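Heads up, work-v3.csv below (CSV, C-alpha atoms):
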chain,number,residue,atom,x,y,z
C,1054,MET,CA,23.5,-8.7,-39.4
C,1055,ALA,CA,26.1,-7.8,-36.8
C,1056,GLN,CA,24.9,-4.3,-36.9
C,1057,ASN,CA,21.3,-5.3,-36.4
C,1058,LYS,CA,22.3,-7.4,-33.3
C,1059,SER,CA,24.0,-4.4,-31.8
C,1060,PHE,CA,20.8,-2.4,-32.2
C,1061,THR,CA,18.5,-5.1,-30.7
C,1062,GLY,CA,20.9,-5.7,-27.8
C,1063,ARG,CA,20.1,-2.2,-26.6
C,1064,ASP,CA,16.4,-2.6,-26.7
C,1065,MET,CA,14.7,-1.7,-23.4
C,1066,GLY,CA,11.4,-1.8,-21.6
C,1067,ILE,CA,10.3,1.1,-19.4
C,1068,ASP,CA,7.8,1.0,-16.6
C,1069,LEU,CA,7.0,4.7,-16.6
C,1070,GLY,CA,5.3,4.9,-13.2
C,1071,THR,CA,3.9,7.8,-11.2
C,1072,ALA,CA,6.1,7.0,-8.2
C,1073,ASN,CA,9.0,5.1,-9.7
C,1074,THR,CA,10.5,4.4,-13.2
C,1075,LEU,CA,12.1,1.0,-13.8
C,1076,VAL,CA,14.1,0.2,-16.9
C,1077,TYR,CA,14.6,-3.3,-18.2
C,1078,LEU,CA,17.6,-3.8,-20.6
C,1079,ARG,CA,17.4,-6.7,-23.0
C,1080,GLY,CA,19.6,-9.5,-21.9
C,1081,LYS,CA,20.4,-7.9,-18.5
C,1082,GLY,CA,17.1,-7.6,-16.7
C,1083,ILE,CA,16.1,-4.6,-14.5
C,1084,VAL,CA,19.1,-2.2,-14.5
C,1085,LEU,CA,17.4,0.9,-13.1
C,1086,ASN,CA,14.8,1.6,-10.4
C,1087,GLU,CA,14.5,5.3,-9.4
C,1088,PRO,CA,11.8,7.7,-8.3
C,1089,SER,CA,10.0,9.6,-11.0
C,1090,VAL,CA,11.1,13.0,-9.6
C,1091,VAL,CA,13.0,15.8,-11.1
C,1092,ALA,CA,14.5,18.8,-9.3
C,1093,VAL,CA,14.3,21.9,-11.5
C,1094,ASN,CA,15.7,25.4,-11.0
C,1095,THR,CA,12.8,27.8,-11.7
C,1096,VAL,CA,15.0,30.7,-12.5
C,1097,ASP,CA,16.8,29.3,-15.5
C,1098,GLY,CA,14.9,26.0,-16.0
C,1099,ASN,CA,17.9,23.8,-15.6
C,1100,VAL,CA,17.5,20.3,-14.2
C,1101,LEU,CA,19.6,19.9,-11.1
C,1102,SER,CA,19.0,16.3,-10.2
C,1103,VAL,CA,16.8,13.3,-11.3
C,1104,GLY,CA,15.6,10.2,-9.5
C,1105,SER,CA,16.7,9.3,-6.0
C,1106,ALA,CA,18.8,12.5,-5.6
C,1107,ALA,CA,15.8,14.6,-6.6
C,1108,LYS,CA,13.4,12.8,-4.2
C,1109,GLU,CA,15.7,13.6,-1.3
C,1110,THR,CA,15.0,17.3,-2.0
C,1111,MET,CA,11.2,17.0,-1.8
C,1112,GLY,CA,9.9,19.4,0.8
C,1113,ARG,CA,13.4,20.7,1.6
C,1114,THR,CA,14.1,23.0,-1.4
C,1115,PRO,CA,14.5,26.8,-1.4
C,1116,THR,CA,12.0,28.9,-3.3
C,1117,ASN,CA,14.0,28.8,-6.6
C,1118,ILE,CA,14.2,25.0,-6.7
C,1119,VAL,CA,11.1,22.8,-7.2
C,1120,ALA,CA,11.0,19.0,-7.0
C,1121,VAL,CA,8.6,18.0,-9.8
C,1122,ARG,CA,6.8,14.7,-10.4
C,1123,PRO,CA,6.2,14.9,-14.2
C,1124,LEU,CA,3.6,12.0,-14.1
C,1125,ARG,CA,0.3,12.2,-12.3
C,1126,ASP,CA,-2.4,9.5,-12.3
C,1127,GLY,CA,-0.2,7.3,-14.5
C,1128,VAL,CA,0.1,9.8,-17.4
C,1129,ILE,CA,2.4,12.7,-18.3
C,1130,ALA,CA,1.4,15.9,-16.6
C,1131,ASP,CA,4.6,17.9,-17.5
C,1132,PHE,CA,5.7,16.9,-21.0
C,1133,GLU,CA,9.0,18.8,-21.0
C,1134,VAL,CA,10.2,17.6,-17.6
C,1135,ALA,CA,9.1,14.0,-18.4
C,1136,GLU,CA,11.1,14.0,-21.7
C,1137,ARG,CA,14.2,15.3,-19.8
C,1138,MET,CA,13.7,12.6,-17.1
C,1139,LEU,CA,13.4,9.9,-19.8
C,1140,ARG,CA,16.5,11.2,-21.6
C,1141,TYR,CA,18.5,11.1,-18.4
C,1142,PHE,CA,17.4,7.5,-17.5
C,1143,ILE,CA,18.1,6.2,-21.1
C,1144,LYS,CA,21.5,7.9,-21.1
C,1145,LYS,CA,22.3,6.4,-17.7
C,1146,VAL,CA,21.4,2.9,-18.8
C,1147,MET,CA,23.1,3.2,-22.3
C,1148,GLY,CA,26.3,4.8,-20.9
C,1149,SER,CA,28.7,5.7,-23.6
C,1150,ARG,CA,27.0,3.6,-26.3
C,1151,ARG,CA,25.2,6.5,-28.0
C,1152,LEU,CA,25.4,5.3,-31.7
C,1153,ALA,CA,22.4,3.0,-31.5
C,1154,ARG,CA,19.0,4.4,-30.7
C,1155,PRO,CA,17.1,1.7,-28.8
C,1156,ARG,CA,13.7,0.3,-29.5
C,1157,VAL,CA,11.7,1.0,-26.4
C,1158,VAL,CA,8.5,-0.6,-25.0
C,1159,VAL,CA,6.8,1.7,-22.6
C,1160,CYS,CA,4.1,0.6,-20.2
C,1161,VAL,CA,0.9,2.8,-19.9
C,1162,PRO,CA,-2.4,2.6,-18.0
C,1163,SER,CA,-5.2,0.9,-19.8
C,1164,GLY,CA,-7.5,3.9,-19.5
C,1165,ILE,CA,-5.4,6.6,-21.1
C,1166,THR,CA,-6.7,8.6,-24.0
C,1167,GLY,CA,-5.2,8.8,-27.5
C,1168,VAL,CA,-3.7,12.2,-26.7
C,1169,GLU,CA,-2.0,10.8,-23.6
C,1170,ARG,CA,-0.7,7.8,-25.7
C,1171,ARG,CA,0.8,10.2,-28.3
C,1172,ALA,CA,2.4,12.2,-25.5
C,1173,VAL,CA,4.2,9.1,-24.1
C,1174,MET,CA,5.4,8.1,-27.5
C,1175,GLU,CA,6.6,11.5,-28.4
C,1176,ALA,CA,8.4,11.9,-25.1
C,1177,ALA,CA,10.2,8.6,-25.5
C,1178,THR,CA,11.1,9.5,-29.1
C,1179,GLN,CA,12.5,12.9,-28.1
C,1180,ALA,CA,14.5,11.1,-25.4
C,1181,GLY,CA,16.3,9.0,-27.9
C,1182,ALA,CA,14.2,6.0,-28.9
C,1183,ARG,CA,14.2,4.9,-32.5
C,1184,GLN,CA,10.9,3.0,-32.1
C,1185,VAL,CA,8.3,3.2,-29.4
C,1186,HIS,CA,5.7,0.6,-28.6
C,1187,LEU,CA,3.2,0.7,-25.9
C,1188,VAL,CA,1.9,-2.1,-23.7
C,1189,GLU,CA,-0.9,-1.7,-21.2
C,1190,GLU,CA,-0.2,-2.2,-17.6
C,1191,PRO,CA,-2.6,-5.1,-16.9
C,1192,ILE,CA,-1.0,-7.1,-19.7
C,1193,ALA,CA,2.5,-6.3,-18.5
C,1194,ALA,CA,1.6,-7.1,-14.9
C,1195,ALA,CA,0.0,-10.4,-15.8
C,1196,ILE,CA,3.0,-11.4,-17.9
C,1197,GLY,CA,5.4,-10.4,-15.1
C,1198,ALA,CA,3.4,-12.3,-12.5
C,1199,GLY,CA,3.6,-15.5,-14.6
C,1200,LEU,CA,-0.1,-15.7,-15.6
C,1201,PRO,CA,-1.0,-17.7,-18.7
C,1202,VAL,CA,-2.0,-14.6,-20.7
C,1203,SER,CA,-1.8,-16.5,-24.1
C,1204,GLU,CA,-4.1,-19.3,-23.1
C,1205,PRO,CA,-7.9,-19.4,-23.5
C,1206,THR,CA,-8.4,-19.1,-19.7
C,1207,GLY,CA,-9.4,-16.1,-17.6
C,1208,SER,CA,-6.8,-14.5,-15.4
C,1209,MET,CA,-7.5,-11.5,-13.2
C,1210,VAL,CA,-4.8,-9.0,-12.2
C,1211,VAL,CA,-5.1,-6.0,-10.0
C,1212,ASP,CA,-2.1,-3.7,-10.3
C,1213,ILE,CA,-2.0,-1.0,-7.6
C,1214,GLY,CA,0.6,1.6,-8.6
C,1215,GLY,CA,1.3,5.1,-7.4
C,1216,GLY,CA,-1.3,6.9,-9.6
C,1217,THR,CA,-3.7,4.3,-10.9
C,1218,THR,CA,-5.1,1.0,-10.0
C,1219,GLU,CA,-5.5,-1.2,-13.0
C,1220,VAL,CA,-8.0,-4.1,-12.8
C,1221,ALA,CA,-8.3,-6.4,-15.8
C,1222,VAL,CA,-9.4,-9.8,-16.9
C,1223,VAL,CA,-6.9,-11.2,-19.5
C,1224,SER,CA,-7.4,-14.1,-21.9
C,1225,LEU,CA,-5.9,-15.2,-25.2
C,1226,GLY,CA,-3.3,-12.4,-25.1
C,1227,GLY,CA,-5.7,-9.6,-24.7
C,1228,ILE,CA,-7.8,-7.7,-22.2
C,1229,VAL,CA,-11.4,-8.9,-22.0
C,1230,THR,CA,-12.6,-6.2,-19.6
C,1231,ALA,CA,-10.7,-3.6,-17.7
C,1232,ARG,CA,-11.1,-0.7,-15.3
C,1233,SER,CA,-8.6,2.0,-14.5
C,1234,VAL,CA,-9.2,3.8,-11.2
C,1235,ARG,CA,-7.1,6.8,-10.5
C,1236,THR,CA,-7.0,5.9,-6.8
C,1237,ALA,CA,-3.8,4.2,-5.7
C,1238,GLY,CA,-0.7,4.7,-3.6
C,1239,ASP,CA,-0.7,8.5,-3.9
C,1240,ALA,CA,-4.4,8.7,-2.9
C,1241,MET,CA,-3.6,6.7,0.2
C,1242,ASP,CA,-0.8,9.1,1.1
C,1243,VAL,CA,-3.2,12.1,0.6
C,1244,ALA,CA,-5.8,10.3,2.7
C,1245,ILE,CA,-3.4,9.9,5.6
C,1246,SER,CA,-2.2,13.5,5.5
C,1247,THR,CA,-5.8,14.8,5.3
C,1248,TYR,CA,-6.8,12.6,8.3
C,1249,VAL,CA,-3.9,13.9,10.4
C,1250,LYS,CA,-4.7,17.5,9.3
C,1251,LYS,CA,-8.4,17.2,10.3
C,1252,GLN,CA,-7.9,15.2,13.4
C,1253,TYR,CA,-4.9,16.8,14.9
C,1254,ALA,CA,-4.4,20.1,13.0
C,1255,LEU,CA,-0.9,18.8,12.1
C,1256,ALA,CA,0.5,19.4,8.6
C,1257,ILE,CA,2.8,16.7,7.3
C,1258,GLY,CA,4.5,16.2,3.9
C,1259,GLU,CA,4.2,13.6,1.2
C,1260,ARG,CA,7.2,11.6,2.3
C,1261,THR,CA,6.0,11.5,5.9
C,1262,ALA,CA,2.6,10.2,4.8
C,1263,GLU,CA,4.2,7.5,2.7
C,1264,GLU,CA,6.4,6.4,5.6
C,1265,ILE,CA,3.3,6.1,7.8
C,1266,LYS,CA,1.6,4.0,5.1
C,1267,VAL,CA,4.6,1.7,4.7
C,1268,SER,CA,5.2,1.3,8.4
C,1269,ILE,CA,1.8,0.8,10.0
C,1270,GLY,CA,-0.7,1.1,7.1
C,1271,SER,CA,-3.2,-1.7,6.7
C,1272,ALA,CA,-6.5,-2.5,5.0
C,1273,SER,CA,-7.6,-5.2,7.5
C,1274,PRO,CA,-6.8,-5.8,11.2
C,1275,THR,CA,-5.8,-9.4,10.3
C,1276,GLY,CA,-3.9,-10.8,7.4
C,1277,SER,CA,-0.5,-11.6,6.0
C,1278,TRP,CA,2.3,-9.1,5.8
C,1279,SER,CA,5.7,-9.3,4.0
C,1280,ALA,CA,8.3,-6.7,4.6
C,1281,PRO,CA,9.8,-5.4,1.3
C,1282,ARG,CA,13.3,-5.8,2.7
C,1283,ALA,CA,12.8,-9.1,4.4
C,1284,GLY,CA,12.0,-12.5,3.1
C,1285,ALA,CA,9.9,-13.6,6.0
C,1286,ALA,CA,6.1,-13.7,5.8
C,1287,VAL,CA,4.0,-13.5,8.9
C,1288,ARG,CA,0.3,-13.8,9.6
C,1289,MET,CA,-1.3,-11.3,12.0
C,1290,THR,CA,-4.2,-12.5,14.1
C,1291,GLU,CA,-6.2,-10.6,16.7
C,1292,ARG,CA,-3.8,-11.8,19.5
C,1293,ASN,CA,-0.6,-13.2,18.2
C,1294,VAL,CA,1.8,-13.4,15.3
C,1295,GLU,CA,2.5,-16.6,13.5
C,1296,VAL,CA,5.7,-17.0,11.4
C,1297,LEU,CA,4.9,-18.6,8.1
C,1298,ASP,CA,8.3,-18.7,6.5
C,1299,SER,CA,11.4,-17.3,8.1
C,1300,GLY,CA,13.6,-17.8,5.1
C,1301,ASP,CA,17.1,-19.1,5.0
C,1302,ASN,CA,18.8,-15.8,5.6
C,1303,GLU,CA,19.8,-15.4,9.3
C,1304,ASP,CA,19.6,-11.6,9.0
C,1305,THR,CA,16.0,-11.8,7.9
C,1306,GLN,CA,13.7,-10.0,10.4
C,1307,ALA,CA,10.2,-11.7,10.7
C,1308,LEU,CA,8.5,-8.8,12.5
C,1309,LEU,CA,5.2,-7.1,12.1
C,1310,PRO,CA,5.2,-3.4,11.6
C,1311,PRO,CA,4.7,-1.5,14.9
C,1312,ASP,CA,1.2,-0.8,16.2
C,1313,ARG,CA,2.0,2.9,16.4
C,1314,CYS,CA,4.5,5.3,15.1
C,1315,THR,CA,5.8,8.8,16.0
C,1316,ILE,CA,5.6,11.5,13.4
C,1317,ARG,CA,6.7,15.1,13.2
C,1318,GLY,CA,5.0,18.0,11.5
C,1319,ARG,CA,3.9,21.6,11.8
C,1320,ASP,CA,1.1,22.5,14.2
C,1321,GLN,CA,-1.4,24.6,12.3
C,1322,ALA,CA,-2.6,26.4,15.4
C,1323,THR,CA,0.8,27.6,16.6
C,1324,GLY,CA,3.0,27.2,13.5
C,1325,LEU,CA,5.6,25.4,15.5
C,1326,PRO,CA,7.0,21.9,15.1
C,1327,LYS,CA,5.1,19.2,16.9
C,1328,VAL,CA,5.5,15.5,17.6
C,1329,LEU,CA,2.5,13.1,17.4
C,1330,GLU,CA,1.9,9.4,17.9
C,1331,LEU,CA,-0.4,7.6,15.4
C,1332,THR,CA,-1.9,4.1,15.9
C,1333,ALA,CA,-2.4,1.5,13.2
C,1334,ASP,CA,-6.2,1.6,13.8
C,1335,GLU,CA,-6.2,5.3,13.0
C,1336,VAL,CA,-4.2,4.8,9.8
C,1337,ARG,CA,-6.5,2.0,8.8
C,1338,HIS,CA,-9.5,4.3,9.3
C,1339,ALA,CA,-7.8,7.0,7.2
C,1340,LEU,CA,-7.2,4.5,4.4
C,1341,ALA,CA,-10.8,3.2,4.3
C,1342,GLU,CA,-12.0,5.4,1.4
C,1343,PRO,CA,-9.2,4.6,-1.1
C,1344,VAL,CA,-9.3,1.0,-0.2
C,1345,ASP,CA,-13.1,0.9,-0.7
C,1346,SER,CA,-12.6,2.5,-4.1
C,1347,ILE,CA,-10.2,-0.3,-5.1
C,1348,VAL,CA,-12.6,-3.0,-3.8
C,1349,ALA,CA,-15.5,-1.4,-5.8
C,1350,ALA,CA,-13.3,-1.3,-9.0
C,1351,VAL,CA,-12.6,-5.0,-8.7
C,1352,ARG,CA,-16.2,-5.8,-8.0
C,1353,SER,CA,-17.4,-3.8,-11.0
C,1354,THR,CA,-14.8,-5.6,-13.3
C,1355,LEU,CA,-16.0,-9.0,-12.1
C,1356,ASP,CA,-19.6,-7.9,-12.8
C,1357,GLU,CA,-18.6,-7.3,-16.4
C,1358,THR,CA,-16.7,-10.6,-16.8
C,1359,PRO,CA,-18.2,-13.3,-19.0
C,1360,PRO,CA,-19.5,-16.3,-16.9
C,1361,GLU,CA,-16.9,-18.8,-18.3
C,1362,LEU,CA,-14.0,-16.5,-17.5
C,1363,ALA,CA,-15.5,-15.8,-14.1
C,1364,GLY,CA,-15.4,-19.5,-13.3
C,1365,ASP,CA,-11.7,-19.6,-14.2
C,1366,ILE,CA,-11.0,-16.7,-11.9
C,1367,MET,CA,-12.8,-18.5,-9.1
C,1368,ASP,CA,-10.4,-21.4,-9.6
C,1369,ARG,CA,-7.2,-19.4,-10.1
C,1370,GLY,CA,-7.9,-16.5,-7.8
C,1371,ILE,CA,-7.1,-12.8,-8.2
C,1372,VAL,CA,-3.4,-11.8,-8.4
C,1373,LEU,CA,-2.3,-8.5,-6.8
C,1374,THR,CA,0.8,-6.6,-8.2
C,1375,GLY,CA,2.3,-3.2,-7.7
C,1376,GLY,CA,3.5,-1.4,-4.6
C,1377,GLY,CA,-0.1,-1.2,-3.2
C,1378,ALA,CA,-0.2,-5.0,-3.1
C,1379,LEU,CA,2.2,-4.7,-0.1
C,1380,LEU,CA,-0.4,-2.9,2.0
C,1381,ARG,CA,-1.0,-5.2,4.9
C,1382,GLY,CA,-4.3,-7.1,4.9
C,1383,LEU,CA,-5.4,-6.0,1.4
C,1384,ASP,CA,-5.5,-9.5,0.1
C,1385,VAL,CA,-7.6,-10.6,3.1
C,1386,ARG,CA,-10.0,-7.7,2.7
C,1387,LEU,CA,-10.5,-8.4,-1.0
C,1388,GLY,CA,-10.9,-12.1,-0.4
C,1389,ARG,CA,-13.5,-11.5,2.3
C,1390,GLU,CA,-15.5,-8.9,0.3
C,1391,LEU,CA,-15.5,-10.9,-3.0
C,1392,ASP,CA,-15.4,-14.5,-1.7
C,1393,ILE,CA,-12.6,-15.3,-4.2
C,1394,PRO,CA,-9.0,-16.4,-3.4
C,1395,VAL,CA,-6.6,-13.4,-3.6
C,1396,LEU,CA,-2.9,-13.9,-4.0
C,1397,VAL,CA,0.0,-11.4,-3.9
C,1398,ALA,CA,2.5,-12.0,-6.7
C,1399,ASP,CA,6.1,-12.7,-6.1
C,1400,ASP,CA,8.1,-9.4,-6.2
C,1401,PRO,CA,4.9,-7.3,-6.9
C,1402,LEU,CA,7.0,-4.1,-7.2
C,1403,ASP,CA,8.8,-5.5,-10.2
C,1404,CYS,CA,6.0,-7.4,-12.0
C,1405,VAL,CA,5.1,-4.6,-14.5
C,1406,ALA,CA,8.8,-4.0,-15.3
C,1407,VAL,CA,9.5,-7.7,-15.8
C,1408,GLY,CA,6.4,-8.1,-18.0
C,1409,THR,CA,7.5,-5.1,-20.1
C,1410,GLY,CA,11.0,-6.6,-20.3
C,1411,ARG,CA,9.5,-9.9,-21.6
C,1412,CYS,CA,7.8,-8.0,-24.3
C,1413,VAL,CA,11.2,-6.7,-25.3
C,1414,GLU,CA,12.8,-10.2,-25.1
C,1415,ASP,CA,10.0,-12.0,-27.0
C,1416,PHE,CA,8.9,-9.0,-29.1
C,1417,ALA,CA,7.6,-11.1,-32.1
C,1418,SER,CA,5.5,-13.5,-30.1
C,1419,LEU,CA,4.1,-10.8,-27.7
C,1420,ARG,CA,3.5,-8.1,-30.3
C,1421,ALA,CA,-0.1,-9.1,-30.7
C,1422,ALA,CA,-0.7,-8.6,-26.9
C,1423,MET,CA,0.9,-5.2,-27.1
C,1424,GLU,CA,-1.3,-4.1,-30.0
C,1425,ALA,CA,-4.5,-5.6,-28.7
C,1426,SER,CA,-7.0,-3.1,-27.4
C,1427,PRO,CA,-9.5,-3.9,-24.6
C,1428,ARG,CA,-13.1,-4.6,-25.4
C,1429,ARG,CA,-14.1,-2.3,-22.6
C,1430,SER,CA,-11.9,0.0,-20.6
C,1431,ASP,CA,-13.4,2.5,-18.1
C,1432,THR,CA,-11.4,5.2,-16.5
C,1433,VAL,CA,-12.7,6.4,-13.1
C,1434,ARG,CA,-11.5,9.5,-11.5
C,1435,VAL,CA,-11.9,9.6,-7.8

Could you quickly redo this structure as structure tokens?
Amino acid sequence: MAQNKSFTGRDMGIDLGTANTLVYLRGKGIVLNEPSVVAVNTVDGNVLSVGSAAKETMGRTPTNIVAVRPLRDGVIADFEVAERMLRYFIKKVMGSRRLARPRVVVCVPSGITGVERRAVMEAATQAGARQVHLVEEPIAAAIGAGLPVSEPTGSMVVDIGGGTTEVAVVSLGGIVTARSVRTAGDAMDVAISTYVKKQYALAIGERTAEEIKVSIGSASPTGSWSAPRAGAAVRMTERNVEVLDSGDNEDTQALLPPDRCTIRGRDQATGLPKVLELTADEVRHALAEPVDSIVAAVRSTLDETPPELAGDIMDRGIVLTGGGALLRGLDVRLGRELDIPVLVADDPLDCVAVGTGRCVEDFASLRAAMEASPRRSDTVRV
């Protein structure tokens, strides 16, 4: 019995995201949150760095070093690199305790194929897991957001990650209807860099595009915005800023992102470095297409929802999770388009990891939810 406890004490849940990987260790909570990036030497194939250290090298490496993102659109694109990344993260969490192979619950998009599922399970097994169980992202996000997934009531969750946007209606521990759209945070970054390239003939990197999105990106000119590093929430109107909750921390900054930002890139005409100033209106225009795709996915999922559950969603509202939920004004845009209350979950960045961790903590009671398959799940590539 004591030996069995030592095994289960090391069980972990992994949110294997396109942008970031989070690891939840049983009894300890989230113990690791690092970018899903690996720096590889192309000459000998050796891994030079993983996670935060590897992300710092993106766009700054010599020709013999490549910063690889082994996951694209929420699934494994480079199996070998993904397996080595998982092995590094598991070893980092386990430390010197190598005798016990952990039971691992991995979160995956709802629209992945059987081949992609097997690739995730095999990668986790090769990385050191003794058992691998998969839980779909909408279920994990709903559990992490505190929605009553086991009750006979409809709850709608929209998880906007780096590679995919997962839209699902959950009831009685399973997915009633779901849609997985491969348009999310990465697509927003690409939209910004494409806009800057077409409009100003300026080439910018992925990191610069992401910084633009975080600093002045928005889906609506009005709405609520909460800074990821600050606890204060503010409401932006056409003419002023209203502080909703300044928090108890004196160091908290209740500020809206600036209306414009200065970026640096390479002028495609001259090939020389160039400085450019972008406005929030321009970035909102650049983000219009990916935001429209997310709105359309939510609308399509609602159209397939049974009437009784649709009534529950009208009462409870739609819950946004994932990093994309922090895009300013997205909740207002969805609420206006669909005429349904839209709420942003507490700690939306951690909802999927927390939900995956609860599957580890309450494995017996939530195993049915992990093994449940959606009645309808459509994957849309945009």

Considering only C-alpha atoms, can you say which of C:Pro1191, C:Ala1339, C:Leu1069, C:Gly1216 comes closest to C:Thr1374? C:Pro1191

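Counting all atoms listed in the file, the residue from C:Arg1317, C:Arg1337, C:Arg1232, C:Arg1140 that sits nearest to C:Val1220 is C:Arg1232.
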
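Across C:Ala1120, C:Met1111, C:Ala1333, C:Val1234, the tightest approach to C:Pro1162 is made by C:Val1234 when counting all atoms listed in the file.
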
Can you list, as a PyMOL selection string, every protein, DNA or RNA residue that comes within 10 Å of C:Val1267 when you count only C-alpha atoms, leaving out same-chain residues fewer than 2 positions away? chain C and resi 1242+1261-1265+1269-1271+1280-1281+1310+1376-1377+1379-1381

Measuring atom to atom with all atoms listed in the file, identify which of C:Gly1098, C:Pro1394, C:Thr1114, C:Val1134 is nearest to C:Arg1369. C:Pro1394

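Taking atom CA of C:Glu1175 and atom CA of C:Ala1240 as endpoints, the distance between them is 27.9 Å.
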
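The closest residue to C:Glu1189, picked from C:Glu1136, C:Asp1068, C:Asp1097, C:Glu1204 and counting only C-alpha atoms, is C:Asp1068.
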
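Note that atom CA of C:Thr1074 and atom CA of C:Val1210 are 20.4 Å apart.
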
For stretch 1354-1367 of chain C, please output as a VMD selection string all residues within 6 Å (counting all atoms listed in the file; exclusion window: fewer than 5 positions along the same chain). chain C and resid 1207 to 1208 1393

Using Å and a single decimal, report how far atom CA of C:Gly1080 sits from atom CA of C:Leu1373. 26.6 Å

Please determine, counting only C-alpha atoms, which residue among C:His1338, C:His1186, C:Arg1122, C:Lys1108 has the shortest atom-to-atom distance to C:Cys1412. C:His1186

Within 12 Å of C:Ser1273 using all atoms listed in the file, minus same-chain residues under 5 positions, as a PyMOL selection string: chain C and resi 1278+1288-1291+1333-1338+1340-1341+1344-1345+1380-1390

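For stretch 1418-1421 of chain C, the non-local neighbours within 10 Å, defined as residues at least 5 positions apart in the same chain or in other chains and counting all atoms listed in the file, are C:His1186, C:Leu1187, C:Val1188, C:Ile1196, C:Ser1203, C:Gly1226, C:Gly1227, C:Arg1411, C:Cys1412, C:Val1413, C:Ser1426.
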
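The environment of C:Ala1195 within 9 Å, counting only C-alpha atoms and disregarding residues fewer than 6 places along the same chain, consists of C:Pro1201, C:Val1202, C:Ser1208, C:Met1209, C:Val1210, C:Val1211, C:Asp1212, C:Val1223, C:Val1372, C:Thr1374, C:Cys1404, C:Val1405, C:Gly1408.
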
Dig up all the protein and nucleic acid residues within 12 Å of (10.7, 8.1, -8.1) in the file frame, using all atoms listed in the file, and format them as a ChimeraX atom specification. /C:1068-1075,1085-1092,1102-1111,1120-1125,1135,1138,1142,1215,1260
